[in-house]
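*Asks:* Just so it is clear, I am handing over model31.txt, which has compact mmCIF, C-alpha atoms and all ligand atoms.
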# COMPACT_ATOMS: atom_id res chain seq x y z
CA MET A 498 18.71 130.55 -141.67
CA LYS A 499 20.10 133.89 -140.46
CA GLU A 500 23.01 133.87 -138.09
CA ILE A 501 22.05 134.47 -134.46
CA LYS A 502 23.91 137.03 -132.37
CA SER A 503 25.06 135.94 -128.92
CA PHE A 504 23.40 137.40 -125.81
CA ASN A 505 25.16 140.58 -124.74
CA LYS A 506 25.08 139.45 -121.09
CA PRO A 507 25.66 135.92 -119.78
CA ILE A 508 22.53 133.84 -119.37
CA TYR A 509 23.19 131.49 -116.47
CA ILE A 510 21.32 128.34 -115.56
CA THR A 511 19.63 130.16 -112.69
CA ARG A 512 19.62 133.41 -110.71
CA PRO A 513 18.73 133.56 -107.03
CA LEU A 514 15.54 135.06 -105.65
CA LEU A 515 16.59 138.43 -104.19
CA PRO A 516 14.24 140.15 -101.75
CA PRO A 517 14.22 143.98 -102.00
CA LEU A 518 17.29 145.41 -100.28
CA ASN A 519 15.23 147.76 -98.07
CA GLU A 520 13.44 144.71 -96.63
CA VAL A 521 16.76 142.96 -96.08
CA TYR A 522 18.06 146.07 -94.24
CA LYS A 523 14.95 146.04 -92.03
CA LYS A 524 15.50 142.41 -91.13
CA ILE A 525 19.20 142.96 -90.45
CA LYS A 526 18.27 145.91 -88.22
CA GLU A 527 15.85 143.70 -86.27
CA ILE A 528 18.54 141.05 -85.86
CA TRP A 529 21.17 143.64 -84.84
CA GLU A 530 18.82 145.15 -82.29
CA SER A 531 18.06 141.73 -80.84
CA LYS A 532 21.83 140.97 -80.61
CA TRP A 533 20.81 137.36 -81.29
CA LEU A 534 22.61 136.09 -84.39
CA THR A 535 22.14 132.35 -84.19
CA ASN A 536 21.04 129.55 -81.79
CA PHE A 537 17.30 129.45 -82.45
CA GLY A 538 16.44 133.15 -82.24
CA GLN A 539 13.21 134.88 -83.22
CA GLN A 540 13.80 134.72 -87.00
CA HIS A 541 14.48 131.00 -86.74
CA LYS A 542 11.35 130.41 -84.67
CA THR A 543 9.10 132.40 -87.02
CA PHE A 544 10.63 130.90 -90.15
CA GLU A 545 10.20 127.34 -88.86
CA LEU A 546 6.50 128.00 -88.18
CA GLU A 547 5.85 129.74 -91.50
CA LEU A 548 7.72 127.09 -93.48
CA LYS A 549 5.83 124.29 -91.81
CA LYS A 550 2.61 125.93 -93.00
CA TYR A 551 3.93 126.54 -96.49
CA LEU A 552 5.22 122.99 -96.95
CA LYS A 553 2.06 121.54 -95.32
CA VAL A 554 4.00 119.24 -93.00
CA LYS A 555 3.51 118.27 -89.37
CA ASN A 556 7.12 118.53 -88.24
CA LEU A 557 10.10 120.40 -89.58
CA SER A 558 13.66 121.07 -88.45
CA LEU A 559 15.91 123.73 -89.98
CA PHE A 560 19.60 123.18 -90.83
CA CYS A 561 22.52 125.24 -92.10
CA ASN A 562 22.47 123.28 -95.39
CA GLY A 563 20.80 120.30 -97.00
CA THR A 564 23.85 118.04 -96.99
CA LEU A 565 24.28 118.11 -93.21
CA ALA A 566 20.53 117.65 -92.82
CA LEU A 567 20.76 114.48 -94.92
CA GLN A 568 23.77 113.21 -92.98
CA LEU A 569 21.99 113.76 -89.69
CA ALA A 570 18.79 112.16 -90.96
CA CYS A 571 20.80 108.94 -91.47
CA GLN A 572 22.02 109.21 -87.87
CA ALA A 573 18.58 109.92 -86.43
CA LEU A 574 17.17 106.86 -88.19
CA GLU A 575 20.21 104.85 -86.96
CA LEU A 576 20.98 103.57 -90.44
CA THR A 577 23.77 101.05 -90.84
CA GLY A 578 25.10 98.63 -93.46
CA GLU A 579 23.66 99.32 -96.89
CA VAL A 580 21.23 101.90 -98.26
CA ILE A 581 19.71 101.58 -101.71
CA THR A 582 19.83 104.79 -103.72
CA THR A 583 20.16 106.20 -107.22
CA PRO A 584 23.36 106.85 -109.19
CA PHE A 585 21.67 109.82 -110.96
CA THR A 586 21.94 112.51 -108.32
CA PHE A 587 24.14 115.24 -106.90
CA PRO A 588 27.16 113.89 -104.94
CA ALA A 589 25.70 115.12 -101.61
CA THR A 590 23.13 112.30 -101.61
CA ILE A 591 25.77 109.59 -101.80
CA ASN A 592 28.34 111.39 -99.67
CA SER A 593 25.83 111.62 -96.82
CA LEU A 594 25.94 107.81 -96.73
CA TYR A 595 29.75 107.59 -96.90
CA GLN A 596 29.97 110.17 -94.12
CA ASN A 597 28.05 107.69 -91.95
CA ASN A 598 30.08 104.63 -93.02
CA ILE A 599 27.06 103.31 -94.91
CA THR A 600 27.57 101.55 -98.25
CA PRO A 601 25.48 102.99 -101.09
CA ILE A 602 23.89 100.28 -103.21
CA PHE A 603 22.92 101.71 -106.55
CA CYS A 604 19.71 100.97 -108.37
CA ASP A 605 19.23 102.08 -111.98
CA ILE A 606 16.69 104.75 -112.91
CA LYS A 607 13.65 104.87 -115.18
CA LEU A 608 13.98 106.56 -118.54
CA ASP A 609 10.68 108.40 -118.27
CA ASP A 610 11.26 110.31 -115.03
CA PHE A 611 15.01 109.82 -114.24
CA ASN A 612 14.08 108.51 -110.77
CA ILE A 613 15.06 105.24 -109.07
CA ASN A 614 13.28 102.25 -110.65
CA PRO A 615 11.23 100.68 -107.84
CA ASP A 616 10.88 97.45 -109.83
CA GLU A 617 14.61 96.85 -109.43
CA ILE A 618 14.86 97.67 -105.73
CA GLU A 619 13.81 94.30 -104.30
CA ASN A 620 16.62 92.46 -106.13
CA LEU A 621 19.13 94.64 -104.30
CA ILE A 622 17.83 94.10 -100.77
CA THR A 623 20.12 92.04 -98.53
CA PRO A 624 20.12 91.35 -94.77
CA ASN A 625 22.37 94.43 -94.48
CA THR A 626 19.93 96.84 -96.09
CA SER A 627 18.67 99.39 -93.58
CA ALA A 628 16.96 101.97 -95.80
CA LEU A 629 16.07 103.40 -99.18
CA MET A 630 17.23 106.87 -100.20
CA PRO A 631 15.41 107.85 -103.39
CA VAL A 632 15.80 111.30 -104.95
CA HIS A 633 12.91 113.22 -106.53
CA VAL A 634 15.13 114.34 -109.40
CA PHE A 635 14.35 117.81 -110.81
CA GLY A 636 11.34 117.97 -108.48
CA ASN A 637 9.62 115.08 -110.23
CA PRO A 638 8.16 112.80 -107.54
CA CYS A 639 9.40 109.19 -107.42
CA ASP A 640 6.94 106.33 -107.47
CA VAL A 641 6.27 106.89 -103.77
CA GLU A 642 3.52 104.27 -103.51
CA LYS A 643 5.73 101.42 -104.75
CA ILE A 644 8.70 102.62 -102.74
CA ASP A 645 6.73 102.89 -99.52
CA ASN A 646 5.21 99.42 -100.08
CA ILE A 647 8.65 97.87 -100.52
CA ALA A 648 9.86 99.67 -97.40
CA LYS A 649 6.94 98.30 -95.38
CA LYS A 650 7.37 94.76 -96.73
CA TYR A 651 11.05 94.63 -95.72
CA SER A 652 10.85 96.93 -92.67
CA LEU A 653 13.16 99.48 -94.24
CA LYS A 654 13.35 103.18 -93.50
CA VAL A 655 12.89 105.73 -96.31
CA ILE A 656 14.69 109.06 -96.54
CA TYR A 657 13.65 111.06 -99.59
CA ASP A 658 16.16 113.50 -100.96
CA SER A 659 13.64 116.22 -101.82
CA ALA A 660 16.33 118.85 -102.44
CA HIS A 661 14.57 119.90 -105.68
CA CYS A 662 11.02 119.66 -104.39
CA PHE A 663 10.15 122.91 -102.64
CA GLY A 664 6.36 123.19 -102.68
CA VAL A 665 5.80 120.08 -104.81
CA GLU A 666 2.64 118.04 -104.21
CA TYR A 667 1.68 114.58 -105.38
CA LYS A 668 -1.94 113.41 -105.52
CA GLY A 669 -2.95 116.30 -103.29
CA LYS A 670 -0.34 115.50 -100.63
CA ALA A 671 2.69 117.61 -99.83
CA ILE A 672 5.86 115.86 -100.96
CA GLY A 673 7.43 116.33 -97.51
CA THR A 674 4.90 113.96 -95.94
CA PHE A 675 6.08 110.77 -97.67
CA GLY A 676 8.57 108.28 -96.19
CA ASP A 677 10.17 108.63 -92.75
CA VAL A 678 12.15 111.80 -93.45
CA ASN A 679 12.45 114.29 -96.34
CA MET A 680 15.34 116.61 -96.95
CA PHE A 681 14.84 120.01 -98.66
CA SER A 682 17.78 122.13 -99.79
CA PHE A 683 17.67 125.91 -99.59
CA HIS A 684 20.92 126.52 -101.42
CA ALA A 685 21.08 129.78 -103.40
CA THR A 686 20.66 127.88 -106.68
CA LYS A 687 17.33 126.43 -105.57
CA ILE A 688 13.97 128.01 -106.40
CA PHE A 689 13.55 128.89 -102.73
CA HIS A 690 16.68 129.66 -100.72
CA THR A 691 18.10 130.90 -97.46
CA LEU A 692 21.55 131.64 -99.04
CA GLU A 693 22.63 128.20 -97.78
CA GLY A 694 20.22 126.09 -95.78
CA GLY A 695 18.00 123.07 -95.57
CA ALA A 696 15.22 121.39 -93.65
CA LEU A 697 14.05 117.94 -92.68
CA THR A 698 10.33 117.16 -92.58
CA TYR A 699 8.84 114.10 -90.91
CA ASN A 700 5.55 112.73 -89.62
CA ASP A 701 6.85 111.29 -86.35
CA GLU A 702 7.32 114.02 -83.75
CA LYS A 703 9.81 111.92 -81.79
CA PHE A 704 12.44 113.22 -84.23
CA ASN A 705 11.97 116.81 -83.04
CA LEU A 706 14.28 116.29 -80.08
CA LYS A 707 16.66 113.98 -81.96
CA PHE A 708 17.25 116.51 -84.75
CA PHE A 709 17.61 119.34 -82.26
CA LEU A 710 20.31 117.42 -80.41
CA LEU A 711 22.09 116.23 -83.56
CA LYS A 712 22.42 119.76 -84.94
CA ASN A 713 23.23 121.37 -81.58
CA PHE A 714 26.30 119.39 -80.40
CA GLY A 715 24.00 116.97 -78.52
CA ILE A 716 23.41 119.72 -75.94
CA LYS A 717 20.06 120.56 -74.38
CA GLY A 718 19.86 123.22 -71.69
CA GLU A 719 23.30 124.29 -70.51
CA GLU A 720 24.79 121.21 -68.97
CA ASP A 721 23.08 118.13 -70.41
CA ILE A 722 24.92 116.51 -73.31
CA PHE A 723 23.00 113.57 -74.68
CA LEU A 724 24.83 112.50 -77.81
CA PRO A 725 27.89 113.37 -79.92
CA GLY A 726 26.06 115.81 -82.20
CA THR A 727 27.56 118.34 -84.56
CA ASN A 728 26.89 121.99 -85.35
CA ALA A 729 24.37 122.27 -88.19
CA LYS A 730 22.15 125.11 -86.97
CA MET A 731 20.55 127.66 -89.27
CA ASN A 732 21.54 131.21 -88.28
CA GLU A 733 19.28 134.26 -87.97
CA ILE A 734 20.28 135.87 -91.26
CA GLN A 735 19.55 132.67 -93.17
CA ALA A 736 16.15 132.39 -91.47
CA ALA A 737 15.35 136.07 -92.17
CA ILE A 738 16.18 135.65 -95.87
CA GLY A 739 13.95 132.56 -95.83
CA LEU A 740 11.07 134.59 -94.42
CA LEU A 741 11.50 137.27 -97.08
CA ASN A 742 11.79 134.72 -99.88
CA LEU A 743 8.64 132.94 -98.72
CA ASN A 744 6.78 136.08 -99.84
CA LEU A 745 8.29 135.82 -103.31
CA VAL A 746 8.38 132.13 -104.10
CA ASP A 747 4.82 131.66 -105.39
CA GLU A 748 5.29 134.38 -107.97
CA GLU A 749 8.65 132.86 -108.95
CA ILE A 750 7.04 129.45 -109.47
CA GLU A 751 4.30 131.04 -111.61
CA LYS A 752 6.88 132.83 -113.76
CA ARG A 753 8.90 129.65 -114.25
CA LYS A 754 5.75 127.75 -115.13
CA LYS A 755 5.07 130.23 -117.95
CA LEU A 756 8.67 130.05 -119.16
CA THR A 757 8.55 126.25 -119.12
CA LYS A 758 5.50 126.36 -121.38
CA ILE A 759 7.33 128.64 -123.82
CA TYR A 760 10.31 126.25 -123.92
CA LYS A 761 8.01 123.31 -124.55
CA VAL A 762 6.01 124.94 -127.31
CA ASN A 763 9.18 125.99 -129.10
CA LEU A 764 11.22 122.83 -128.65
CA LYS A 765 8.57 120.19 -129.19
CA ASP A 766 9.15 119.89 -132.94
CA ILE A 767 12.94 119.80 -132.84
CA ILE A 768 13.89 116.23 -133.65
CA GLY A 769 16.55 114.96 -131.28
CA ILE A 770 15.36 117.03 -128.28
CA ARG A 771 13.09 115.49 -125.69
CA PHE A 772 11.81 116.76 -122.35
CA LEU A 773 9.96 115.34 -119.36
CA GLU A 774 6.23 114.86 -119.66
CA GLU A 775 4.18 116.38 -116.85
CA ASN A 776 2.12 114.16 -114.59
CA LYS A 777 -1.36 115.59 -114.01
CA GLU A 778 -1.30 114.40 -110.40
CA VAL A 779 1.72 116.56 -109.55
CA ILE A 780 1.96 120.22 -108.63
CA TYR A 781 5.44 121.16 -109.85
CA ASN A 782 7.75 123.99 -108.87
CA TYR A 783 9.44 124.31 -112.31
CA GLN A 784 12.85 124.67 -110.70
CA TYR A 785 14.70 123.12 -113.65
CA PHE A 786 14.16 122.74 -117.36
CA PRO A 787 16.10 119.62 -118.39
CA ILE A 788 16.20 118.41 -122.00
CA LEU A 789 17.66 115.24 -123.49
CA ILE A 790 19.72 115.46 -126.65
CA ASP A 791 19.89 112.42 -128.89
CA GLU A 792 23.18 112.89 -130.70
CA PHE A 793 22.17 110.92 -133.79
CA GLU A 794 18.87 112.66 -134.33
CA PHE A 795 20.10 116.11 -133.33
CA SER A 796 23.45 115.79 -135.15
CA LEU A 797 25.43 117.23 -132.22
CA ASN A 798 25.95 115.47 -128.92
CA ARG A 799 25.13 116.96 -125.53
CA ASP A 800 28.72 118.06 -124.85
CA GLN A 801 28.90 119.81 -128.20
CA VAL A 802 25.62 121.62 -127.55
CA TYR A 803 26.86 122.60 -124.08
CA GLU A 804 30.05 124.08 -125.63
CA GLU A 805 28.26 125.72 -128.55
CA MET A 806 25.72 127.40 -126.26
CA LYS A 807 28.60 129.02 -124.35
CA LYS A 808 29.63 130.78 -127.56
CA TYR A 809 26.22 132.47 -127.46
CA ASN A 810 26.74 133.43 -123.80
CA VAL A 811 24.31 130.75 -122.58
CA PHE A 812 25.55 128.70 -119.63
CA THR A 813 23.69 125.41 -119.35
CA ARG A 814 24.53 122.62 -116.86
CA LYS A 815 25.01 118.87 -117.22
CA TYR A 816 23.02 117.82 -114.16
CA PHE A 817 23.88 115.01 -113.26
CA TYR A 818 27.01 114.03 -115.11
CA PRO A 819 28.98 111.94 -114.28
CA ILE A 820 26.77 109.43 -112.48
CA CYS A 821 27.83 108.57 -108.93
CA THR A 822 29.18 105.10 -109.83
CA GLN A 823 31.85 106.84 -111.89
CA TYR A 824 33.34 108.77 -108.97
CA LYS A 825 36.97 107.83 -108.36
CA TYR A 826 36.27 106.92 -104.73
CA TYR A 827 33.36 104.63 -105.55
CA PRO A 828 34.61 101.05 -105.28
CA CYS A 829 31.80 99.27 -107.19
CA LYS A 830 32.98 96.50 -109.50
CA ASP A 831 30.01 96.65 -111.81
CA ALA A 832 30.01 100.39 -112.22
CA ASP A 833 28.79 99.99 -115.81
CA ASN A 834 25.56 98.27 -114.82
CA PHE A 835 23.39 101.36 -114.91
CA PRO A 836 22.52 101.75 -118.58
CA ASN A 837 19.55 104.08 -118.05
CA ALA A 838 21.40 106.39 -115.67
CA GLU A 839 24.37 106.49 -118.06
CA LYS A 840 22.18 107.22 -121.04
CA ILE A 841 20.37 110.08 -119.30
CA ALA A 842 23.61 111.47 -117.83
CA ASN A 843 25.12 111.53 -121.34
CA GLU A 844 22.11 113.23 -122.93
CA ILE A 845 20.91 115.61 -120.22
CA LEU A 846 21.27 119.37 -120.41
CA CYS A 847 19.54 121.78 -118.05
CA LEU A 848 18.62 125.02 -119.80
CA PRO A 849 18.47 128.42 -118.06
CA ILE A 850 15.29 129.05 -116.11
CA TYR A 851 14.52 131.74 -113.55
CA GLY A 852 11.75 134.26 -113.08
CA GLU A 853 13.73 137.25 -114.37
CA LEU A 854 14.32 135.60 -117.74
CA MET A 855 12.23 137.23 -120.43
CA GLU A 856 10.05 135.41 -122.91
CA GLU A 857 12.29 136.70 -125.70
CA ASP A 858 15.35 135.21 -123.96
CA ILE A 859 13.72 131.77 -123.99
CA LEU A 860 12.69 132.21 -127.62
CA LYS A 861 16.25 133.08 -128.50
CA ILE A 862 17.67 130.06 -126.64
CA CYS A 863 15.25 127.84 -128.59
CA GLU A 864 16.26 129.59 -131.82
CA ILE A 865 19.93 128.91 -131.05
CA LEU A 866 19.18 125.23 -130.48
CA LEU A 867 17.31 125.04 -133.75
CA TYR A 868 20.13 126.84 -135.51
CA LEU A 869 22.71 124.45 -134.05
CA LYS A 870 20.75 121.51 -135.38
CA LYS A 871 20.52 122.97 -138.87
CA GLU A 872 24.19 124.04 -139.01
C1 LIG A 901 19.76 116.15 -105.14
C2 LIG A 901 20.51 116.99 -104.16
N1 LIG A 901 20.77 116.50 -102.93
C3 LIG A 901 21.44 117.22 -102.01
C4 LIG A 901 21.88 118.49 -102.29
C5 LIG A 901 22.67 119.22 -101.24
O1 LIG A 901 22.01 120.31 -100.72
P1 LIG A 901 22.84 121.55 -100.10
O2 LIG A 901 23.51 122.24 -101.23
O3 LIG A 901 21.78 122.39 -99.46
O4 LIG A 901 23.80 121.02 -99.12
C6 LIG A 901 21.64 119.04 -103.56
C7 LIG A 901 22.05 120.39 -103.98
O5 LIG A 901 22.68 121.20 -103.61
C8 LIG A 901 20.95 118.28 -104.52
O6 LIG A 901 20.72 118.75 -105.75
Written as structure tokens, that's how I'd like the structure from this file.

*Replies:*
Amino acid sequence: MKEIKSFNKPIYITRPLLPPLNEVYKKIKEIWESKWLTNFGQQHKTFELELKKYLKVKNLSLFCNGTLALQLACQALELTGEVITTPFTFPATINSLYQNNITPIFCDIKLDDFNINPDEIENLITPNTSALMPVHVFGNPCDVEKIDNIAKKYSLKVIYDSAHCFGVEYKGKAIGTFGDVNMFSFHATKIFHTLEGGALTYNDEKFNLKFFLLKNFGIKGEEDIFLPGTNAKMNEIQAAIGLLNLNLVDEEIEKRKKLTKIYKVNLKDIIGIRFLEENKEVIYNYQYFPILIDEFEFSLNRDQVYEEMKKYNVFTRKYFYPICTQYKYYPCKDADNFPNAEKIANEILCLPIYGELMEEDILKICEILLYLKKE
């Protein structure tokens, strides 16, 4: 097989959506003229309304980032004691619990979708359990029916970490309508972003006031302070970028869908590489393209592939390695009891995917992978 030349420019895991600069200038001009930079200005108001429509949810509250939104969701639901969650996630999920003095109780994941295994949740419930915090990893919905049934049976709250789920639907329902609260992240690396940012969605409108107070120092009006809130407001520039990106996100999802198909067609016959099967009842956003590398079948392990790809100027990511039970500050005694999460964390590699990537770039990445296997 002929040697493959490296890319002449770095191919990163993702590139942010960038609205045309002239539109950004126009928005900045509007904001400058209003002299209203933050604290629920016009951009914020419009963005909240438009986003609610886009995400097909009843209630929505904007935040300066997803992590603080998640932390404040725990406070709004008055969670205490223990919360059952997944070890296969980004640290923010787990840290939001620690930040509230809640103990994370980890439940292993399923090998087919990398999400929390609902069949193992009930064994972990104790009198101290106050909630479940599942993560829809890579935008793949969890088994929401089973999870919600368990929550009802034991009177537990459910906060879904939907950081990867912008626009995802399951069985014709928007993902942000499941559970008590859903958190979306609008970080620049996400398919839809507001530079930094996040939102909570929820069915019960009583949380509108609670979230407003929690993100606004507990202050309503000028002199009434109701609770010891923090500052987690989204500012006007973030909201304006959100409005501009809302115009672009459908096209971005379409482009990524096409690129995903090209990856799949070209990787499906490489022994030792596996990827997630699509569920026909899900509308995906194609934010990530994760593959699993079986070191025995592929002949290189995931870390070797990760390093080798760099030599070709391709920068993949090991989302999510290490698993959360391996963090130094995690005090769990049986940190090795999560065989599925460990296996996936050791085999996972997220390949570059973003709308600007060309079909030939994807073909070349697949060619490199094939070449590495044959080497
Ligand atoms: C699963 C998950 N949860 C939470 C977060 C935190 O969101 P943010 O970066 O908006 O604070 C992220 C990513 O950033 C994430 O991937």

*Asks:* Restricting the calculation to only C-alpha atoms and all ligand atoms, which member of A:Val554, A:Cys662, A:Val746, A:Leu756 is positioned closest to ligand LIG 901 (chain A)?

*Replies:* A:Cys662

*Asks:* Using only C-alpha atoms, which of A:Pro507, A:Ile606, A:Trp533, A:Ile581 sits nearest Asn834 in chain A?

*Replies:*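 Once distances to Asn834 in chain A are computed over only C-alpha atoms, the minimum belongs to A:Ile606.
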
*Asks:* So that I can see what lies close to Ile613 in chain A, please list as a ChimeraX atom specification the residues with an atom at most 9 Å from it, counting only C-alpha atoms and leaving out residues fewer than 2 positions away in the same chain.

*Replies:* /A:582-585,603-607,610-611,615-618,631-633,639-640

*Asks:* Using only C-alpha atoms, find the one residue out of A:Lys870, A:His684, A:Lys840, A:Lys643 that sits nearest to Val802 in chain A.

*Replies:* A:Lys870

*Asks:* I'd like to know which of A:Thr600, A:Asn700, A:Asn592, A:Asn519 is closest to ligand LIG 901 (chain A), using only C-alpha atoms and all ligand atoms.

*Replies:*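 With only C-alpha atoms and all ligand atoms as the atom set, the closest residue is A:Asn592.
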
*Asks:* Which one of A:Ala660, A:Leu724, A:Cys863, A:Leu594 sits closest to ligand LIG 901 (chain A) if you count only C-alpha atoms and all ligand atoms?

*Replies:*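 That would be A:Ala660, the residue with the smallest distance to ligand LIG 901 (chain A).
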
*Asks:* Distance limit 10 Å, reference ligand LIG 901 (chain A), atoms considered: all atoms listed in the file. Which residues make the cut? Give them as a ChimeraX atom specification.

*Replies:* /A:560-568,585-593,631-636,657-662,680-687,690-696,816-817

*Asks:* Would you mind listing what lies within 7 Å of range 667-672 of chain A as an MDAnalysis selection string, with only C-alpha atoms counted and same-chain residues fewer than 5 positions away left out?

*Replies:* chainID A and resid 552:553 778:780
